[in-house]
Structures are given as C-alpha cells and as structure tokens.
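Structure file final-v4.txt (compact mmCIF, C-alpha atoms and all ligand atoms) is printed below.
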# COMPACT_ATOMS: atom_id res chain seq x y z
CA MET A 1 37.46 71.27 3.47
CA VAL A 2 35.48 68.08 2.86
CA ARG A 3 37.58 64.95 2.55
CA TYR A 4 36.42 62.37 0.01
CA LEU A 5 37.71 58.83 -0.04
CA THR A 6 36.95 55.76 -2.09
CA GLY A 7 38.56 52.48 -3.15
CA PHE A 8 38.52 50.10 -6.10
CA GLN A 9 39.44 46.46 -5.87
CA PRO A 10 42.03 45.30 -8.41
CA THR A 11 40.05 42.26 -9.45
CA GLY A 12 40.26 43.09 -13.18
CA SER A 13 39.79 46.06 -15.48
CA LEU A 14 37.16 48.59 -14.41
CA HIS A 15 33.67 48.11 -15.82
CA LEU A 16 30.68 50.35 -16.45
CA GLY A 17 29.32 49.64 -12.94
CA ASN A 18 32.54 50.90 -11.34
CA TYR A 19 32.66 53.88 -13.66
CA PHE A 20 29.14 55.21 -13.22
CA GLY A 21 28.67 54.02 -9.63
CA ALA A 22 31.90 55.30 -8.15
CA LEU A 23 34.71 56.45 -10.45
CA ARG A 24 32.90 59.22 -12.29
CA PRO A 25 31.37 60.65 -9.09
CA ALA A 26 34.82 60.48 -7.47
CA ILE A 27 36.43 62.28 -10.41
CA GLU A 28 33.83 65.06 -10.17
CA LEU A 29 34.52 65.41 -6.45
CA GLN A 30 38.28 65.79 -6.86
CA ASP A 31 37.59 69.46 -7.73
CA LYS A 32 35.34 70.02 -4.75
CA GLY A 33 37.43 68.96 -1.77
CA GLU A 34 40.38 66.90 -0.66
CA ALA A 35 40.29 63.53 -2.43
CA PHE A 36 41.87 60.21 -1.40
CA TYR A 37 41.36 57.40 -3.89
CA PHE A 38 43.07 54.06 -3.64
CA ILE A 39 43.41 50.59 -5.12
CA ALA A 40 42.31 48.04 -2.54
CA ASP A 41 44.99 45.41 -3.11
CA TYR A 42 44.85 43.91 0.41
CA HIS A 43 41.14 43.37 -0.15
CA ALA A 44 41.75 41.71 -3.50
CA LEU A 45 43.82 38.99 -1.79
CA ASN A 46 40.40 37.56 -0.84
CA THR A 47 39.94 36.34 -4.38
CA VAL A 48 43.14 36.84 -6.44
CA ARG A 49 45.66 34.07 -5.72
CA ASP A 50 48.15 34.61 -8.52
CA PRO A 51 50.78 37.28 -7.67
CA ALA A 52 51.43 38.15 -11.32
CA VAL A 53 47.70 38.59 -11.89
CA LEU A 54 47.38 40.84 -8.84
CA ARG A 55 50.24 43.06 -10.05
CA GLU A 56 48.69 43.24 -13.50
CA HIS A 57 45.25 44.13 -12.13
CA VAL A 58 46.64 46.89 -9.94
CA ARG A 59 48.25 48.45 -13.02
CA GLU A 60 45.10 48.10 -15.09
CA VAL A 61 42.86 49.68 -12.50
CA ALA A 62 45.34 52.51 -12.05
CA ILE A 63 45.61 53.18 -15.78
CA ASP A 64 41.85 52.91 -16.27
CA ALA A 65 41.18 55.40 -13.50
CA LEU A 66 43.82 57.86 -14.73
CA ALA A 67 42.53 57.54 -18.30
CA CYS A 68 39.01 58.37 -17.12
CA GLY A 69 40.20 61.61 -15.55
CA LEU A 70 41.39 60.84 -12.06
CA ASP A 71 43.98 63.60 -11.74
CA PRO A 72 46.90 62.92 -9.37
CA ALA A 73 47.55 66.65 -9.15
CA LYS A 74 44.15 67.00 -7.49
CA ALA A 75 43.50 63.63 -5.85
CA CYS A 76 45.89 61.61 -3.75
CA PHE A 77 45.94 58.28 -5.63
CA PHE A 78 47.66 55.30 -4.00
CA ARG A 79 47.66 51.59 -3.32
CA GLN A 80 46.09 50.48 -0.07
CA SER A 81 49.25 48.45 0.71
CA GLY A 82 51.36 51.59 0.18
CA VAL A 83 50.17 52.58 3.68
CA PRO A 84 50.46 49.35 5.70
CA ALA A 85 49.25 51.10 8.89
CA VAL A 86 45.76 50.30 7.61
CA THR A 87 46.20 46.66 8.65
CA GLU A 88 47.23 47.73 12.14
CA LEU A 89 44.12 49.85 12.41
CA ALA A 90 42.00 46.96 11.12
CA TRP A 91 43.36 44.77 13.92
CA VAL A 92 42.58 47.35 16.57
CA LEU A 93 39.09 47.87 15.16
CA SER A 94 38.48 44.09 15.08
CA ASN A 95 38.41 44.17 18.85
CA VAL A 96 35.40 46.47 19.02
CA THR A 97 33.60 44.77 16.11
CA PRO A 98 30.80 42.47 17.27
CA MET A 99 30.63 39.14 15.39
CA GLY A 100 26.93 39.72 14.78
CA LEU A 101 27.67 42.86 12.79
CA LEU A 102 29.81 40.88 10.34
CA GLU A 103 27.46 37.90 10.31
CA ARG A 104 24.75 40.15 8.93
CA SER A 105 26.91 41.26 5.98
CA HIS A 106 25.03 40.86 2.67
CA SER A 107 28.24 41.12 0.72
CA TYR A 108 29.79 38.18 2.60
CA LYS A 109 26.75 35.96 2.03
CA ASP A 110 26.56 37.07 -1.57
CA LYS A 111 30.22 36.20 -2.19
CA LEU A 112 29.77 32.73 -0.64
CA SER A 113 26.73 32.12 -2.81
CA HIS A 114 28.88 32.96 -5.85
CA GLY A 115 31.42 30.34 -4.88
CA VAL A 116 34.08 32.41 -3.07
CA ALA A 117 35.65 30.23 -0.37
CA PRO A 118 34.86 31.48 3.13
CA SER A 119 38.03 32.70 4.84
CA HIS A 120 38.72 34.81 7.87
CA ALA A 121 39.77 37.73 5.66
CA LEU A 122 36.60 37.53 3.58
CA PHE A 123 34.57 37.62 6.78
CA ALA A 124 36.65 40.49 8.15
CA TYR A 125 36.47 42.43 4.84
CA PRO A 126 34.24 45.18 6.32
CA VAL A 127 36.70 45.75 9.18
CA LEU A 128 39.55 46.46 6.77
CA MET A 129 37.23 48.70 4.81
CA ALA A 130 36.31 50.57 7.99
CA ALA A 131 40.05 50.99 8.63
CA ASP A 132 40.50 52.41 5.08
CA ILE A 133 37.87 55.00 5.71
CA LEU A 134 38.69 55.92 9.32
CA LEU A 135 42.47 56.04 8.84
CA TYR A 136 42.06 59.13 6.65
CA ASP A 137 39.36 60.89 8.71
CA SER A 138 37.13 60.71 5.64
CA ASP A 139 33.95 62.78 5.55
CA VAL A 140 32.24 61.44 2.43
CA VAL A 141 32.63 58.11 0.63
CA PRO A 142 31.31 58.00 -2.97
CA VAL A 143 30.29 54.40 -3.74
CA GLY A 144 27.70 52.28 -5.54
CA LYS A 145 24.68 51.01 -3.64
CA ASP A 146 26.26 47.59 -3.00
CA GLN A 147 28.60 49.33 -0.51
CA LYS A 148 25.87 50.98 1.57
CA GLN A 149 25.92 48.34 4.30
CA HIS A 150 29.71 48.50 4.48
CA LEU A 151 29.40 52.20 5.28
CA GLU A 152 26.84 51.45 7.98
CA ILE A 153 29.20 48.86 9.46
CA THR A 154 32.03 51.44 9.37
CA ARG A 155 29.90 53.92 11.30
CA ASP A 156 28.94 51.24 13.82
CA ILE A 157 32.58 50.26 14.36
CA ALA A 158 33.64 53.92 14.73
CA THR A 159 30.86 54.51 17.24
CA LYS A 160 31.83 51.44 19.28
CA PHE A 161 35.44 52.59 19.31
CA ASN A 162 34.52 56.13 20.33
CA ASP A 163 32.24 54.76 23.08
CA SER A 164 35.18 52.89 24.58
CA TYR A 165 38.04 55.30 23.95
CA GLY A 166 36.67 58.82 23.53
CA ASN A 167 36.06 60.79 20.40
CA VAL A 168 38.82 59.44 18.16
CA PHE A 169 37.00 58.97 14.84
CA LYS A 170 34.74 61.06 12.64
CA LEU A 171 31.62 59.30 11.36
CA PRO A 172 31.78 59.16 7.54
CA GLU A 173 28.78 59.52 5.22
CA PRO A 174 28.23 57.50 2.06
CA SER A 175 27.43 59.37 -1.15
CA ILE A 176 25.31 57.19 -3.42
CA ARG A 177 23.87 58.65 -6.62
CA GLU A 178 20.42 57.18 -6.99
CA GLU A 179 20.37 57.28 -10.79
CA VAL A 180 23.52 55.13 -11.04
CA ALA A 181 23.28 53.28 -7.72
CA THR A 182 23.20 49.86 -9.40
CA ILE A 183 24.30 49.45 -13.00
CA LEU A 184 22.93 46.31 -14.66
CA GLY A 185 25.10 43.79 -16.46
CA LEU A 186 24.64 41.60 -19.55
CA ASP A 187 22.18 39.30 -17.76
CA GLY A 188 20.13 42.07 -16.15
CA GLN A 189 21.68 41.42 -12.67
CA LYS A 190 23.99 43.90 -10.92
CA MET A 191 27.08 44.31 -13.09
CA SER A 192 30.00 42.66 -11.33
CA LYS A 193 33.34 41.24 -12.35
CA SER A 194 32.61 38.10 -10.35
CA TYR A 195 29.24 37.44 -12.02
CA GLY A 196 30.81 37.31 -15.49
CA ASN A 197 28.30 39.92 -16.74
CA ALA A 198 30.52 43.00 -16.86
CA ILE A 199 31.25 45.35 -19.75
CA GLU A 200 34.80 46.60 -19.23
CA LEU A 201 35.58 50.20 -20.11
CA PHE A 202 38.46 49.62 -22.48
CA LEU A 203 37.61 46.57 -24.52
CA ALA A 204 38.78 46.47 -28.12
CA GLU A 205 36.09 47.35 -30.64
CA ALA A 206 35.22 43.80 -31.69
CA ALA A 207 35.19 42.55 -28.09
CA LEU A 208 32.93 45.39 -26.97
CA ARG A 209 30.54 44.76 -29.87
CA LYS A 210 30.42 41.07 -29.01
CA LYS A 211 29.64 41.80 -25.35
CA VAL A 212 26.90 44.27 -26.15
CA MET A 213 25.36 41.86 -28.66
CA SER A 214 25.34 39.19 -25.93
CA ILE A 215 23.03 41.16 -23.60
CA VAL A 216 20.31 38.73 -22.59
CA THR A 217 16.89 39.51 -24.05
CA ASP A 218 13.56 37.67 -24.11
CA SER A 219 12.06 36.00 -27.16
CA THR A 220 9.66 38.79 -28.14
CA PRO A 221 9.50 38.78 -31.97
CA VAL A 222 10.81 41.75 -33.96
CA GLU A 223 7.31 43.04 -34.87
CA ALA A 224 5.95 42.93 -31.31
CA PRO A 225 6.01 45.86 -28.86
CA LYS A 226 8.62 45.56 -26.12
CA ASP A 227 8.84 46.94 -22.60
CA PRO A 228 11.66 49.49 -22.27
CA ALA A 229 11.34 49.53 -18.48
CA GLN A 230 12.43 45.87 -18.26
CA SER A 231 15.39 46.17 -20.60
CA ALA A 232 19.07 46.18 -19.64
CA ILE A 233 19.73 47.67 -23.12
CA VAL A 234 17.66 50.78 -22.34
CA SER A 235 19.04 51.11 -18.84
CA LEU A 236 22.61 51.11 -20.19
CA TYR A 237 21.72 53.37 -23.12
CA ARG A 238 20.32 55.93 -20.67
CA LEU A 239 23.79 56.29 -19.13
CA PHE A 240 25.29 57.51 -22.38
CA ALA A 241 22.71 58.89 -24.78
CA PRO A 242 21.11 62.35 -24.61
CA ALA A 243 17.45 62.51 -23.49
CA ASP A 244 15.98 62.76 -27.02
CA LYS A 245 17.84 59.65 -28.19
CA VAL A 246 16.71 57.75 -25.10
CA ALA A 247 13.10 58.83 -25.73
CA ALA A 248 13.42 57.65 -29.36
CA MET A 249 14.67 54.24 -28.25
CA GLU A 250 11.87 53.91 -25.70
CA SER A 251 9.23 54.76 -28.26
CA ASP A 252 10.75 52.28 -30.77
CA PHE A 253 10.55 49.63 -28.05
CA ARG A 254 6.86 50.33 -27.46
CA ALA A 255 5.97 50.59 -31.14
CA GLY A 256 7.40 47.21 -32.15
CA GLY A 257 9.00 46.53 -35.53
CA VAL A 258 12.56 46.97 -34.29
CA GLY A 259 14.51 43.93 -33.05
CA TYR A 260 16.78 43.77 -30.03
CA GLY A 261 19.80 43.42 -32.33
CA GLU A 262 19.20 46.92 -33.71
CA PHE A 263 18.90 48.40 -30.21
CA LYS A 264 22.13 46.71 -29.20
CA LYS A 265 23.88 48.26 -32.21
CA ARG A 266 22.76 51.71 -31.09
CA LEU A 267 24.01 50.96 -27.58
CA PHE A 268 27.38 49.74 -28.86
CA ALA A 269 27.83 52.89 -30.97
CA VAL A 270 27.17 55.26 -28.10
CA ILE A 271 29.45 53.42 -25.65
CA TRP A 272 32.29 53.22 -28.19
CA GLU A 273 32.02 56.90 -29.00
CA SER A 274 31.70 58.08 -25.39
CA PHE A 275 34.93 56.42 -24.34
CA ALA A 276 36.97 57.63 -27.33
CA PRO A 277 38.78 60.46 -25.45
CA MET A 278 39.53 58.16 -22.52
CA ARG A 279 40.87 55.48 -24.88
CA GLN A 280 43.18 58.05 -26.41
CA ARG A 281 44.44 59.13 -22.98
CA ARG A 282 44.88 55.50 -21.98
CA SER A 283 47.10 54.71 -24.92
CA GLU A 284 49.21 57.80 -24.12
CA LEU A 285 49.60 56.62 -20.52
CA GLN A 286 50.81 53.25 -21.72
CA THR A 287 53.78 54.78 -23.48
CA ASP A 288 55.38 55.66 -20.12
CA PRO A 289 55.50 52.46 -18.07
CA GLY A 290 57.05 54.18 -15.02
CA TYR A 291 54.33 56.83 -14.77
CA VAL A 292 51.76 54.77 -12.87
CA ASP A 293 54.37 53.58 -10.36
CA ARG A 294 55.51 57.15 -9.74
CA VAL A 295 51.95 58.39 -9.23
CA LEU A 296 51.11 55.61 -6.79
CA ALA A 297 54.38 56.03 -4.87
CA GLU A 298 53.86 59.77 -4.47
CA GLY A 299 50.26 59.18 -3.46
CA ALA A 300 51.29 56.67 -0.79
CA LEU A 301 53.75 59.16 0.63
CA ARG A 302 51.09 61.87 0.95
CA ALA A 303 48.53 59.42 2.35
CA SER A 304 51.06 58.14 4.91
CA THR A 305 51.45 61.58 6.48
CA ILE A 306 47.80 61.60 7.45
CA ALA A 307 47.71 57.91 8.34
CA GLN A 308 50.64 58.34 10.74
CA GLN A 309 48.75 60.99 12.67
CA THR A 310 45.63 58.85 12.97
CA ILE A 311 47.48 55.71 13.95
CA ALA A 312 49.43 57.62 16.62
CA ARG A 313 46.12 58.89 18.01
CA VAL A 314 44.71 55.36 18.01
CA ARG A 315 47.76 53.82 19.68
CA ARG A 316 47.58 56.43 22.42
CA ALA A 317 43.83 56.01 22.85
CA VAL A 318 44.03 52.23 23.36
CA GLY A 319 47.17 52.29 25.51
CA ILE A 320 49.71 50.82 23.09
CA THR A 321 51.73 54.02 23.51
CA SER A 322 51.53 56.69 26.18
P1 LIG B 401 34.78 47.09 -6.74
O1 LIG B 401 35.29 46.80 -8.09
O2 LIG B 401 33.88 46.01 -6.23
O3 LIG B 401 35.86 47.46 -5.81
O4 LIG B 401 33.85 48.36 -6.87
C1 LIG B 401 34.33 49.68 -6.91
C2 LIG B 401 33.20 50.67 -6.83
O5 LIG B 401 32.28 50.47 -7.92
C3 LIG B 401 32.34 50.54 -5.56
O6 LIG B 401 32.02 51.83 -5.08
C4 LIG B 401 31.10 49.84 -6.02
O7 LIG B 401 29.96 50.17 -5.26
C5 LIG B 401 30.96 50.37 -7.44
N1 LIG B 401 30.21 49.41 -8.26
C6 LIG B 401 30.60 48.15 -8.57
N2 LIG B 401 29.66 47.54 -9.33
C7 LIG B 401 28.65 48.45 -9.49
C8 LIG B 401 27.39 48.42 -10.18
N3 LIG B 401 26.99 47.35 -10.86
N4 LIG B 401 26.61 49.53 -10.12
C9 LIG B 401 27.01 50.63 -9.42
N5 LIG B 401 28.18 50.72 -8.77
C10 LIG B 401 29.00 49.65 -8.79
N1 LIG B 402 34.58 47.37 -0.87
C1 LIG B 402 34.73 48.24 -2.00
C2 LIG B 402 34.17 47.51 -3.24
O1 LIG B 402 34.19 46.31 -3.33
C3 LIG B 402 36.16 48.64 -2.23
C4 LIG B 402 36.69 49.38 -1.05
C5 LIG B 402 37.65 48.93 -0.16
C6 LIG B 402 36.28 50.66 -0.61
N2 LIG B 402 37.86 49.87 0.79
C7 LIG B 402 37.05 50.94 0.56
C8 LIG B 402 35.36 51.58 -1.07
C9 LIG B 402 36.87 52.14 1.27
C10 LIG B 402 35.20 52.79 -0.35
C11 LIG B 402 35.94 53.06 0.81
O2 LIG B 402 33.73 48.13 -4.11

Would you kindly transcribe this structure into structure tokens?
Amino acid sequence: MVRYLTGFQPTGSLHLGNYFGALRPAIELQDKGEAFYFIADYHALNTVRDPAVLREHVREVAIDALACGLDPAKACFFRQSGVPAVTELAWVLSNVTPMGLLERSHSYKDKLSHGVAPSHALFAYPVLMAADILLYDSDVVPVGKDQKQHLEITRDIATKFNDSYGNVFKLPEPSIREEVATILGLDGQKMSKSYGNAIELFLAEAALRKKVMSIVTDSTPVEAPKDPAQSAIVSLYRLFAPADKVAAMESDFRAGGVGYGEFKKRLFAVIWESFAPMRQRRSELQTDPGYVDRVLAEGALRASTIAQQTIARVRRAVGITS
C-alpha cells in the first residue's frame, strides 16, 4: 500500500494556494493509500512568536482541512509535535547533512528576502522536514511546486544516511500537479501567507469580495482588449469555473468592452459558491470544540506507533542503542 504524507504550517488560515497545491490532492489520495497528514507546528516556531496565536492557528488549519474533506477515518491527521521523536530524528539527520545542501535552499533565501530573521532553525528547516517524511517511511509527498527542492534535499539526506549506515530509509517521491503547481496571489506573485497576497478559504462574504476586488490589474481601459494569459483573475477563475465559462471569460478579455471589475465579480461569485458546502461543514465542526483536539490526539497516537519503529531502527543503526 502506498503511503502518502504531507504537512501544513499553522501560520494562519489555509488559502487557495494551500488548497489547490496540496490539500485537495491530499484529500483525493486519502482514498488511494495510507495517508499521514499533519500540522507542522514545530516548523511554525520559525515565524510565529506568540503562543496564543500559534494555538489558534493550529486549530484553524485543522478545522479548515477537516471542513475541506480531510477525513480522520481515512487519513491519520495529527500535529507534528504530537510525535516529538521527529526532533530526535532531525538531530540525527543533521549530522549527515552537508552545510552546502542547506546553503543552496531557495526557500531559506526567499524567507530572508521577505524579512524573516535568520535563525538556526530557519536554516535547518529542510532537515526537520526530511525527518517528517522519513520518520513515517513515506512513499509519496503531495506538495506545491515551492516544496520541490525540499523533497530533493530529503532524498539527498536519506541517501547520505543510507550510505553511512545501511539501507535504513526509503527514498520518497514528490507528487506535484502541474496545473496547480503554483497558485498566484492578489499581486500576481506566488500566493503566500507571508507575502500578504493570499485569499483565505473561509473569509466572510464581504471580506472575500474585498480581497477579490483588490487583485492587481494594469491600467488598460474598459473598451480595450486585454490579455487573459497575463491575468491573475483568469488563472484563479480557471481553478473553479467549468471550461465553457473560462472560455467565455477569455474571449471577453480579448474582445474588450468589459472592465476588470466585472471579471472580478465573476471570480468572486464562483469562489463563494464553490466553498459553500465546506463553509457549512466548517460551521458544524465549530459547534463541538473538543472534536479537533480528539482527532489530533488519536492521530498522534496512530502516528507514534510507526514513528517508534523507525526511531528504534535509527538508534540501532547509529549505535545509540544495541
Ligand atoms: P504551507 O502553508 O507553506 O505549509 O504550505 C502547505 C502546502 O501548500 C505546501 O505543499 C505548499 O507547497 C502548498 N502551497 C502553498 N502555497 C502555494 C501556492 N501558491 N501554490 C501552490 N501550492 C502552494
Ligand atoms: N514545508 C512545508 C510548507 O511550507 C510544510 C511541511 C513541513 C511539509 N513538513 C513537511 C510538507 C513534510 C510535506 C512533507 O509548505
């Protein structure tokens, strides 16, 4: 049976990039194999410094994912910190991780350029992520394109470890859906919580409308033809609307005579409507405050069983135990 694993950082509510890039693919895969999905709270310590905020974000991400269809009866859903052995594995892996491998990390450089303070943990982020993946003997990791290099680093670390200690780890494969590899945000850059350009999944109606209306456009006048290929509006619309509606929007772009405001209204309508069933489920989940905690606690218990086996194998392999 194929084992799928992926993680979401609790840095805020989930956004369209998370949903299309990773959550929806992960939800589809929960029917196809053994699924391990977790909330990467140790990773979030890189950027979240307020304990109350971290707790709140963990809850939000959990509720968002469950509302979207992550089913704890099918997938093991847990908090990363629910299985603390992952930090032990990260330490062991650190020793076979060349500095150069981490120095080449795009994600690290990208975070620094967006003002995140450099810290040891930020630098070592890919090592903890490798530990997440290897601890559960994962086969396939569904992620957005921004995580591709992290998967390559994971494979490199696993190979280094196996070269020194024998065949302890499986080499995982990323699963990146080309059509949703990088979802664009309000400013046409990659959608990301930390860029301030994200559209969250469960905004209230007025807030969602305001966000969609704030998508950055050029100053082409209403009458003039517009290029659909260059538009974040069209690229987001394509995620939701059926092919004929997308074709109609593209031809209205080319024809001219329709302003960006009108296109944004169509986009808002289709997003609002698409998430209606998930919104309903989300408000049901909120009526039972203990539910999320129970799901995550049960998930951690199941995940621990597997983690204990791997960590025992690792301790033996390196000589910590005999
Ligand atoms: P994060 O919130 O950074 O933990 O991201 C969780 C998952 O969402 C990862 O698999 C990311 O690759 C994916 N993801 C985040 N932003 C985007 C985006 N703009 N387009 C596609 N996938 C994304
Ligand atoms: N680095 C991922 C992100 O920012 C989150 C993550 C942490 C993850 N550990 C993981 C994803 C393990 C997949 C597998 O999106």

**Report entry** 12 Å contact set for Ala124 (chain A), all atoms listed in the file, chain neighbours under 2 positions out, as JSON, numbers by chain
**Finding:** {"A": [42, 43, 46, 87, 90, 91, 93, 94, 95, 97, 98, 99, 100, 101, 102, 103, 104, 105, 107, 108, 118, 119, 120, 121, 122, 126, 127, 128, 129, 130, 131, 150, 153, 154]}

Requested in this report: Name the closest residue to Val212 (chain A) among the candidates A:Val270, A:Leu171, A:Val180, A:Val143; distances are taken between atoms, counting only C-alpha atoms.
Outcome: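 Looking at the shortest contact to Val212 (chain A), the residue is A:Val270.
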
Query - Polymer residues at most 10 Å from region 19-22 of chain A, all atoms listed in the file, same-chain spacing of 4 or more positions, as an MDAnalysis selection string - result: chainID A and resid 6:8 14:15 26:27 64:65 68 141:146 175:183 200:201 239

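By chain and then residue number, the residues within 10 Å of Lys170 (chain A) are Ile133, Leu134, Leu135, Tyr136, Asp137, Ser138, Asp139, Arg155, Ala158, Thr159 and Asn162 of chain A, counting all atoms listed in the file and disregarding those fewer than 6 positions away in sequence.
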
Query raised in the report: Of the candidates A:Pro174, A:Pro51, A:Gly290, A:Pro72, which one gets nearest to ligand LIG 401 (chain B) if we count only C-alpha atoms and all ligand atoms?
Result: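 Nearest to ligand LIG 401 (chain B): A:Pro174.
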
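Take CA of Arg282 (chain A) and CA of Ala204 (chain A): the distance between them is 12.5 Å.
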